[in-house]
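Trainee: Quick one: the structure is below, questions incoming.
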Amino acid sequence: MYKYIIRRILVFIPMLFALTVMVFALAQAAPGDPFTGRMLDPTVNPEVYQQQREALGLNDPYPVQYMNWMKNILQGDFGNSIYYNGRSVLELISQRFANTLYLGLFSLTITLVVSIPIGIYSAKKPYSILDYATTGFGFLGLAIPNFFFGLIAIYIFAIHFGWFPSQGTVSSNDVTGFAELIDRLHHLVLPGITLGLAGTATYMRYMRSEVLDVLGSDYIRTAKAKGMSSNNVLYKHTLRNALIPIITLMGIEFGVLVSGAVITEQVFNFPGLGTLFLQSITNRDYPVIMSINLLFGVFILVGNLLADIFYCVVDPRIRYD
Amino acid sequence: MQPSPQGATEIDPVSPQPPLDQNARSSNSKSPFQLALRRFLNNKLAVLGIVVLLTIILASIFAPLLTDLDPTKSDLMKIENGPSSEHILGTDGSGRDNFARLLYGSRISLIVGFSAMLFTLIIGVTLGSISGYYGGKVDSLIMRFTDLVLALPFLVLALTIIALVPTITTALFVCIIALTIWPNLTRIIRGTFLSLREQEFVLGARAIGASDFRIIFRHFIPNAIGPIIVNATLMMAQMIIIESGLSFIGMGIPQPTPTWGNMLSEAQNIRILRNHPEAWIPPGLGIFLTVLSINFIGDGLRDAFDPKSNKR
Amino acid sequence: MKNKKYWWMMLFILLFSTLLVACGNDEEEETTADNNNDPVETEDPQDNEPSTSRLTGAIHSAPTGLFNPIFYTETYENNILSFTHEALVSQNNNLEFIPQLAKDWETNEDQTEITFFLEEDVTWHDGEPFTAHDVVFTYKTIADPEYGPAGGVRTNFVEPLLGYEAYSSGETDEFVGVTADDDHTVTFHFEAPNVNPLYYSSFSIIPEHIFSDIAVADMPSASATLDPGEVIGTGPFAFTDMVEREQYILTSYENYWQGQPKIDEIVWRVVNHSVMTGLLQTGEVDFIADPEGIAAADYETVEGFGNITIVEQADFGYQLMGFKLNHRTSEDVENGVIDPDNWVENEKVADPLVRQAIAQAINRPGFVNGLLYGRGEVINSPIAPQFWAYTDDVNQNEYNPEAAMALLDEAGYVDVTGDGFRETPDGEEWVLNLDYPQGNELRERSAPIIQENLQEVGININLRQPKEFSAYAEELENDDNDMDLYLIGWSLSSTDPDPSGLWNTTAAYNFSRWNNPESVELLQKALAAPEAFEQDYRTAVYHDWQNLFTEDLPAVILYAQNKLYAYNDRLNGVDPLPYSFINNPHEWWIEE
């Protein structure tokens, strides 16, 4: 087992290296560079772009650029954005990441608060009206593209009824303290629901079937036979068992959330990581593209490493050789 | 920590499916496939899904018979017109017929969904079975590569790759999606196979000296077929959603190619949403019904392959 | 123990709200810090009544955050800088230069010098007086050797100045292009007699006392460029606060030299395209202006809201379909050389008759009436119609498929194989490749229609899939490829009609690689001193040039779109200029 863990860690290092090469190649291989898109202002002399390319080292051979980039990364310097004329990439990312994180957390919260109780309820009373309704909703949630759900939600709840703000994260800088918290939550409602829609549907169905499985299992029947109340049985045995996979799922869902955020943030003009990434892609803002990709990559690779080690420790049945 | 598209996580990759065919064979003379088929046909929703999906497929195949209008033919005199006898769903912002675009759009959406799924399936089954069956060095090599691709969230990777291609055609789009999403399926299949390796019947087969190929095809794939098919169907449904999402952010298959996603993203405007429901409800409904029926079918398949489960 | 589930959730929610509050606190501190530095907001003690008048404008996309006239590159910053910064001169409704920070000016005999007499009561937002030294400093900075490498792109404003080459290459430390005669008199010196000196002096001025201690290379990342409250101009509004990428808040500057603005606060909100008109209706947004305005298709919808005024006026710019008349060689592209001697002629579109036929085969009025809902205009020559230099008295190339076919027949392009498509005079297959970029909905819609139009007269068009914009721009520029027809749109400057930047043979933006000595000659003539000091002379030359353009036809100008500004009726005093919605915003007022 220890041998496996050590080897796994040893493999991790070339993996990281491969990741940096992949991230660099993917960003640089795209046609055009940060200045080609800007090239079209007739009042600007194109020579200045040539000067800037030279100044930024974009004319250097790729291996040289890669080495420079790696050197800086190893020193913790992720470089400066080109599109945002020299602003630190890390600053840009951390600013936006906070917004995406709140959006993600909020949407996960909604997802869990809605899906767990409903999932349990429909499992306890299968084939009731509520069960059918939630199953219906579950399918609905999976079958509507979330940008479209977002647009419709904006028209109904923001423009027609005026209940929720539809754009941005906060009304203004003047609201502070508790009012700001409320204001921010208010702004999160529509994007949060939109982002969490598919997740809610998935969890709801998942929860229902898990609980049904557990309720039907032998030990529950035994427990019931011993005279425990059905709620007691449910909470004591069922939930504990059913929540474990849910928590695992949540980890997986993180990547999904980030992906979903790219589109949702766009609809609600929510300045998060997704918008930043999309914008950097269209503007060929290499430093930002590479940093976002690299950070995600390292984050997820480390996560995988830990998960593998964890599985290996807890599940000795799986043989690694 | 592995990112995966929604829906593809329906089946827990770690828990092995019971070796169905062993139980079935001992108790019943019917093949597991026939049994599964019977269970599937008893599932009303799944059958309904098949019917709806077939209808949509037929409509897309016979689109030229249902309308004689060209979905890419513009008419400057008829921009954003309402329904009329000639254009039963009106026309879009270029004066193209919405009904024709709906029909031909279903082709693209279905082709994208189906071929991306097929492509993913081929990569996934090949790599997954090699990795899961042989284990060891081969396995870790393939898995490390999978990890590398999985290291980027799906849409982030897809967008990065889409930017590499100056011109996105339907075929390229399918390839990009498949090349981005295959690791999920590969991991699921590999996980199933890895656990099967240690099962008695495999050890038995190996002891008799059955060839690797035979073991993979006779014992592994039939046992893994449930999760494979279920995940594949769900993935197909998801591709259709992804196509429309990418169209919305301007990264999908570009106009004038008719796709449901393109039609839907044209409606991102209060004017069309309010005044021209005939322009966006049909493609919206198209996506909805297709995805829904594929999901029904997927669920039906899962129940059919795994009768123990109560999932629906 | 029993409710384990709730513990999980409580923990989760707790974590979530702590994070939010933590974030909230941070920003609270920042905001108060900003307000302390800001002299504007803390004043006005009698303002106890809740009478802060606030106006909200919408933009589609957020500025990148460079609130410095000499460094910004995106139009969205311009929306903010138009309120905060001013130049020596501005332009009126007839595009004539009028005084702004300079109250008067005079040029010397041969127009190598222009002297400005500045307004004397102008103060910067921080109370410091505005002087001639600020003007010198601004131009000196743009001419600095470090300016380009630091990301600046406005060097065209300083290039004709005296001694620019020497200063910008670092040969000398002495900047002689702009000099201060005294605190309120400043002179621009040009290397050669200048036809349009006012254009070169129309650049927004930045404060010397703020930037003088900052190295040019550090200016883009300086607080005085990035942070609200720190950005200092002389304009009627000061940029005081922002929620980055969401809201940009401008506060009236009470000591503004033309009188305190009547509106207290103007907020730019970044709003997604698809909900913009909706927010206009609910009143969350008061006005939509540059860069995009409202879509022509939305005109009736917005008009139907009842409380919105729409301003419709011609835009400075046009969409065109260009012919790749010449291609550069791969070697030249590699070396970044634009040398007409090395160009390879594109035989497929070399015949001017063919180009005229193509122009006549395209249903341009259909584009305007259909795609633009009539809110635009068919123009023929590449000069904005608002200019004195524009003429419509040129070869019209009116839509006429019959005539187009006749022209093609005449040129020898006939269908010999009977497949419905014409062959070249040598009987070879004739297929034209049409490329276009993504990013402009109308342009994307027009490409397939052009293909249909041209196929109707028997021209085989290979319509390529639209390309992502950066990729397209690169291919258009590095034209060692098989592109024959291309679509592009240009926004034009409102200051001078000179088209050489786009159509001069060696101009980088001459993507047609149009090589016509006569055109080069005319373009030079129109700028040659001293004849060109007379506008009538220039007008005549430009008319000749436009005639030449429409005869030789390096590109078909498809249409010029109208700009549609929309604003809520509660806003009064709006007087848009031909090139901008924002004109004298200190005179805007709100009536509830």
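The chains in the structure tokens are called A, B, ... from first to last as shown; in each chain the residues are counted from 1, and the ligands are counted from 1 in the order shown.
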Write down, as number ranges by chain, each residue of chain B that has any atom within 10 Å of an atom of chain C, counting only C-alpha atoms.
Mentor: B: 72-80, 93-95, 162-169, 250-251, 253-257, 265-272, 275
Trainee: With 6 Å as the cut-off and only C-alpha atoms counted, what is the closest atom pair between each nearby residue of chain C and chain A? Distances in Å to one decimal, ordered by chain and number, as JSON lines.
Mentor:
```
{"residue": "C:Thr64", "atom": "CA", "partner": "A:Tyr84", "partner_atom": "CA", "distance": 5.5}
{"residue": "C:Gly148", "atom": "CA", "partner": "A:Val48", "partner_atom": "CA", "distance": 5.7}
{"residue": "C:Pro149", "atom": "CA", "partner": "A:Gln52", "partner_atom": "CA", "distance": 4.8}
{"residue": "C:Val153", "atom": "CA", "partner": "A:Val48", "partner_atom": "CA", "distance": 5.9}
{"residue": "C:Glu246", "atom": "CA", "partner": "A:Gly168", "partner_atom": "CA", "distance": 5.8}
{"residue": "C:Asn272", "atom": "CA", "partner": "A:Asn269", "partner_atom": "CA", "distance": 5.7}
{"residue": "C:Ser470", "atom": "CA", "partner": "A:Gly37", "partner_atom": "CA", "distance": 4.7}
{"residue": "C:Ala471", "atom": "CA", "partner": "A:Pro31", "partner_atom": "CA", "distance": 5.0}
{"residue": "C:Ala473", "atom": "CA", "partner": "A:Thr36", "partner_atom": "CA", "distance": 5.8}
{"residue": "C:Glu474", "atom": "CA", "partner": "A:Gly32", "partner_atom": "CA", "distance": 5.4}
```
Trainee: Between B:Ile216, B:Ala171, B:Ile177, B:Val112, single out the one closest to Phe193 (chain B), counting only C-alpha atoms.
Mentor: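 So, comparing all the options, the nearest one is B:Ile216.
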Trainee: Chain A residues within 8 Å of chain B, counting only C-alpha atoms: which ones, as number ranges by chain?
Mentor: A: 15, 18-19, 26-27, 29-31, 139-140, 142-148, 151, 155, 198-199, 202, 205-206, 208-209, 212-213, 249, 251-256, 258-260, 262-263, 266, 277-278, 281-282, 293, 296-301, 303-304, 307, 318, 320-321
Trainee: May I have the residues within 10 Å of Ser60 (chain B) as a list of chain:residue names, using only C-alpha atoms and disregarding those fewer than 3 positions away in the same chain?
Mentor: B:Leu54, B:Thr55, B:Ile56, B:Ile57, B:Ala63, B:Pro64, B:Leu65, B:Leu66, B:Leu102, B:Leu103, B:Tyr104, B:Gly105, B:Ser106, B:Arg107, B:Ile108, B:Ser109, B:Leu110
Trainee: I need the residues from that last selection saved to file as a PDB file, in the first residue's frame (with N, CA and C atoms), if you can.
Mentor:
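Wrote again.pdb, looks like this:
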```pdb
ATOM      1  N   LEU B  54     -38.403   8.465 -31.501  1.00  0.00           N
ATOM      2  CA  LEU B  54     -38.523   7.947 -32.870  1.00  0.00           C
ATOM      3  C   LEU B  54     -39.241   8.951 -33.763  1.00  0.00           C
ATOM      4  N   THR B  55     -40.314   9.550 -33.213  1.00  0.00           N
ATOM      5  CA  THR B  55     -41.051  10.537 -33.991  1.00  0.00           C
ATOM      6  C   THR B  55     -40.126  11.667 -34.416  1.00  0.00           C
ATOM      7  N   ILE B  56     -39.329  12.152 -33.442  1.00  0.00           N
ATOM      8  CA  ILE B  56     -38.433  13.271 -33.756  1.00  0.00           C
ATOM      9  C   ILE B  56     -37.395  12.840 -34.781  1.00  0.00           C
ATOM     10  N   ILE B  57     -36.876  11.629 -34.612  1.00  0.00           N
ATOM     11  CA  ILE B  57     -35.872  11.150 -35.568  1.00  0.00           C
ATOM     12  C   ILE B  57     -36.472  11.060 -36.969  1.00  0.00           C
ATOM     13  N   ALA B  63     -37.377  15.400 -43.181  1.00  0.00           N
ATOM     14  CA  ALA B  63     -37.592  16.845 -43.218  1.00  0.00           C
ATOM     15  C   ALA B  63     -37.917  17.354 -44.626  1.00  0.00           C
ATOM     16  N   PRO B  64     -37.198  16.886 -45.660  1.00  0.00           N
ATOM     17  CA  PRO B  64     -37.491  17.407 -46.998  1.00  0.00           C
ATOM     18  C   PRO B  64     -38.908  17.101 -47.455  1.00  0.00           C
ATOM     19  N   LEU B  65     -39.509  16.034 -46.896  1.00  0.00           N
ATOM     20  CA  LEU B  65     -40.882  15.722 -47.288  1.00  0.00           C
ATOM     21  C   LEU B  65     -41.883  16.599 -46.545  1.00  0.00           C
ATOM     22  N   LEU B  66     -41.490  17.039 -45.348  1.00  0.00           N
ATOM     23  CA  LEU B  66     -42.425  17.804 -44.529  1.00  0.00           C
ATOM     24  C   LEU B  66     -42.441  19.286 -44.897  1.00  0.00           C
ATOM     25  N   LEU B 102     -36.500  24.385 -37.823  1.00  0.00           N
ATOM     26  CA  LEU B 102     -36.808  23.473 -36.727  1.00  0.00           C
ATOM     27  C   LEU B 102     -36.535  22.030 -37.145  1.00  0.00           C
ATOM     28  N   LEU B 103     -37.031  21.659 -38.315  1.00  0.00           N
ATOM     29  CA  LEU B 103     -36.866  20.279 -38.784  1.00  0.00           C
ATOM     30  C   LEU B 103     -35.402  19.958 -39.063  1.00  0.00           C
ATOM     31  N   TYR B 104     -34.756  20.829 -39.847  1.00  0.00           N
ATOM     32  CA  TYR B 104     -33.361  20.553 -40.176  1.00  0.00           C
ATOM     33  C   TYR B 104     -32.480  20.732 -38.947  1.00  0.00           C
ATOM     34  N   GLY B 105     -32.891  21.635 -38.067  1.00  0.00           N
ATOM     35  CA  GLY B 105     -32.150  21.827 -36.826  1.00  0.00           C
ATOM     36  C   GLY B 105     -32.154  20.566 -35.981  1.00  0.00           C
ATOM     37  N   SER B 106     -33.278  19.829 -36.016  1.00  0.00           N
ATOM     38  CA  SER B 106     -33.335  18.598 -35.225  1.00  0.00           C
ATOM     39  C   SER B 106     -32.293  17.616 -35.737  1.00  0.00           C
ATOM     40  N   ARG B 107     -32.037  17.651 -37.052  1.00  0.00           N
ATOM     41  CA  ARG B 107     -30.995  16.782 -37.586  1.00  0.00           C
ATOM     42  C   ARG B 107     -29.667  17.057 -36.913  1.00  0.00           C
ATOM     43  N   ILE B 108     -29.285  18.348 -36.937  1.00  0.00           N
ATOM     44  CA  ILE B 108     -27.990  18.706 -36.366  1.00  0.00           C
ATOM     45  C   ILE B 108     -27.947  18.343 -34.887  1.00  0.00           C
ATOM     46  N   SER B 109     -29.011  18.707 -34.163  1.00  0.00           N
ATOM     47  CA  SER B 109     -28.996  18.438 -32.733  1.00  0.00           C
ATOM     48  C   SER B 109     -28.879  16.942 -32.467  1.00  0.00           C
ATOM     49  N   LEU B 110     -29.648  16.154 -33.220  1.00  0.00           N
ATOM     50  CA  LEU B 110     -29.577  14.702 -33.008  1.00  0.00           C
ATOM     51  C   LEU B 110     -28.232  14.144 -33.442  1.00  0.00           C
TER      52      LEU B 110
END
```
Trainee: Between CA of Met242 (chain C) and CA of Pro228 (chain C), what is the distance in Å, rounded to a tenth?
Mentor: 6.6 Å
Trainee: So the first atom is CA of Gln28 (chain A) and the second is CA of Leu58 (chain A); what is the distance between them in Å, to one decimal place?
Mentor: 9.9 Å
Trainee: Please identify which residues in region 103-251 of chain A DSSP calls helix (DSSP H, G or I) from the backbone, and express them as JSON, numbers by chain.
Mentor: {"A": [103, 104, 105, 106, 107, 108, 109, 110, 111, 112, 113, 114, 115, 116, 117, 118, 119, 120, 121, 122, 123, 124, 129, 130, 131, 132, 133, 134, 135, 136, 137, 138, 139, 140, 141, 142, 143, 146, 147, 148, 149, 150, 151, 152, 153, 154, 155, 156, 157, 158, 159, 160, 177, 178, 179, 180, 181, 182, 183, 184, 185, 186, 187, 188, 189, 190, 191, 192, 193, 194, 195, 196, 197, 198, 199, 200, 201, 202, 203, 204, 205, 206, 207, 208, 209, 210, 211, 212, 213, 214, 215, 218, 219, 220, 221, 222, 223, 224, 225, 230, 231, 232, 233, 234, 235, 236, 237, 238, 239, 240, 241, 242, 243, 244, 245, 246, 247, 248, 249, 250, 251]}
Trainee: Between CA of Ala555 (chain C) and CA of Leu325 (chain C), what is the spacing in Å?
Mentor: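 Here the two named atoms are 9.4 Å from each other.
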Trainee: Which one is closest to Glu244 (chain C): C:Ala507, C:Ala62, C:Val457, C:Leu548? Count only C-alpha atoms.
Mentor: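 Of the candidates, the smallest distance to Glu244 (chain C) is held by C:Ala62.
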Trainee: So, counting only C-alpha atoms, which residue among A:Phe17, A:Tyr62, A:Tyr203, A:Phe97 is closest to Val114 (chain A)?
Mentor: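 Of A:Phe17, A:Tyr62, A:Tyr203, A:Phe97, the one nearest Val114 (chain A), counting only C-alpha atoms, is A:Tyr203.
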Trainee: Let me make sure I understand: among A:Met67, A:Glu91, A:Val211, A:Asp183, which one has the smallest atom-to-atom distance to Lys125 (chain A) if we use only C-alpha atoms?
Mentor: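 Of A:Met67, A:Glu91, A:Val211, A:Asp183, the one nearest Lys125 (chain A) is A:Val211, counting only C-alpha atoms.
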Trainee: Need to verify the contact set: region 215-220 of chain C, 9 Å, only C-alpha atoms, exclusion of same-chain residues closer than 6 positions in sequence. Can you return it as a short mmCIF file (atom, residue, chain, number, x, y, z; two decimals) with N, CA, C and O atoms, in the first residue's frame?
Mentor:
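Output file out.cif follows:
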```
data_model
loop_
_atom_site.label_atom_id
_atom_site.label_comp_id
_atom_site.auth_asym_id
_atom_site.auth_seq_id
_atom_site.Cartn_x
_atom_site.Cartn_y
_atom_site.Cartn_z
N ASN A 85 -4.53 45.39 -19.61
CA ASN A 85 -3.29 46.14 -19.62
C ASN A 85 -2.49 46.11 -18.33
O ASN A 85 -2.43 47.08 -17.58
N GLY A 86 -1.85 44.98 -18.10
CA GLY A 86 -0.87 44.93 -17.03
C GLY A 86 -1.40 44.67 -15.64
O GLY A 86 -0.65 44.75 -14.68
N ARG A 87 -2.70 44.36 -15.50
CA ARG A 87 -3.16 44.06 -14.14
C ARG A 87 -2.77 42.64 -13.78
O ARG A 87 -2.78 41.74 -14.61
N LEU C 66 -9.18 50.84 -17.44
CA LEU C 66 -8.12 51.84 -17.62
C LEU C 66 -8.76 53.20 -17.84
O LEU C 66 -9.08 53.56 -18.96
N PHE C 67 -8.95 53.93 -16.76
CA PHE C 67 -9.65 55.21 -16.89
C PHE C 67 -8.64 56.32 -17.11
O PHE C 67 -8.49 57.22 -16.29
N ASN C 68 -7.93 56.19 -18.20
CA ASN C 68 -6.90 57.16 -18.53
C ASN C 68 -6.97 57.40 -20.03
O ASN C 68 -6.77 56.47 -20.81
N PHE C 71 -4.36 55.88 -22.28
CA PHE C 71 -4.07 54.45 -22.29
C PHE C 71 -5.26 53.54 -22.62
O PHE C 71 -5.08 52.37 -22.92
N TYR C 72 -6.48 54.05 -22.53
CA TYR C 72 -7.61 53.13 -22.72
C TYR C 72 -7.63 52.67 -24.18
O TYR C 72 -7.17 53.37 -25.08
N THR C 141 3.99 62.77 -22.83
CA THR C 141 3.85 61.38 -22.38
C THR C 141 3.54 60.46 -23.56
O THR C 141 4.09 59.36 -23.67
N ILE C 142 2.66 60.91 -24.45
CA ILE C 142 2.30 60.06 -25.58
C ILE C 142 3.50 59.87 -26.51
O ILE C 142 3.63 58.85 -27.17
N ASP C 144 6.53 59.66 -25.50
CA ASP C 144 7.61 59.02 -24.76
C ASP C 144 7.99 57.66 -25.36
O ASP C 144 7.13 56.93 -25.84
N PRO C 145 9.30 57.33 -25.34
CA PRO C 145 9.71 56.03 -25.89
C PRO C 145 9.02 54.86 -25.17
O PRO C 145 8.80 53.81 -25.77
N GLU C 146 8.70 55.04 -23.90
CA GLU C 146 8.09 53.95 -23.13
C GLU C 146 6.60 53.82 -23.37
O GLU C 146 5.97 52.86 -22.91
N TYR C 147 6.02 54.80 -24.06
CA TYR C 147 4.56 54.84 -24.16
C TYR C 147 3.99 53.63 -24.90
O TYR C 147 3.08 52.96 -24.42
N PRO C 149 5.45 50.56 -25.63
CA PRO C 149 5.64 49.31 -24.89
C PRO C 149 4.76 49.21 -23.65
O PRO C 149 4.42 48.11 -23.23
N ALA C 150 4.35 50.34 -23.07
CA ALA C 150 3.50 50.28 -21.88
C ALA C 150 2.05 49.99 -22.24
O ALA C 150 1.21 49.83 -21.37
N GLY C 151 1.74 49.95 -23.53
CA GLY C 151 0.37 49.62 -23.93
C GLY C 151 -0.37 50.77 -24.57
O GLY C 151 -1.55 50.64 -24.90
N GLY C 152 0.27 51.91 -24.75
CA GLY C 152 -0.41 53.04 -25.37
C GLY C 152 -0.52 52.88 -26.87
O GLY C 152 0.38 52.33 -27.50
N LEU C 226 -6.48 53.64 -12.40
CA LEU C 226 -7.39 52.52 -12.15
C LEU C 226 -8.52 52.82 -11.18
O LEU C 226 -9.63 52.31 -11.33
#
```
Trainee: What's around region 350-355 of chain C at 8 Å? Count only C-alpha atoms, leave out sequence neighbours fewer than 3 positions away in its own chain, and write the answer as a PyMOL selection string.
Mentor: chain C and resi 323+325+345-347+358-359+407-408+411+551-554
Trainee: Give the answer as one residue: which of A:Met70, A:Met207, A:Val89, A:Leu197 has the shortest atom-to-atom distance to Tyr121 (chain A), using only C-alpha atoms?
Mentor: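 Comparing A:Met70, A:Met207, A:Val89, A:Leu197 against Tyr121 (chain A), the winner is A:Met207.
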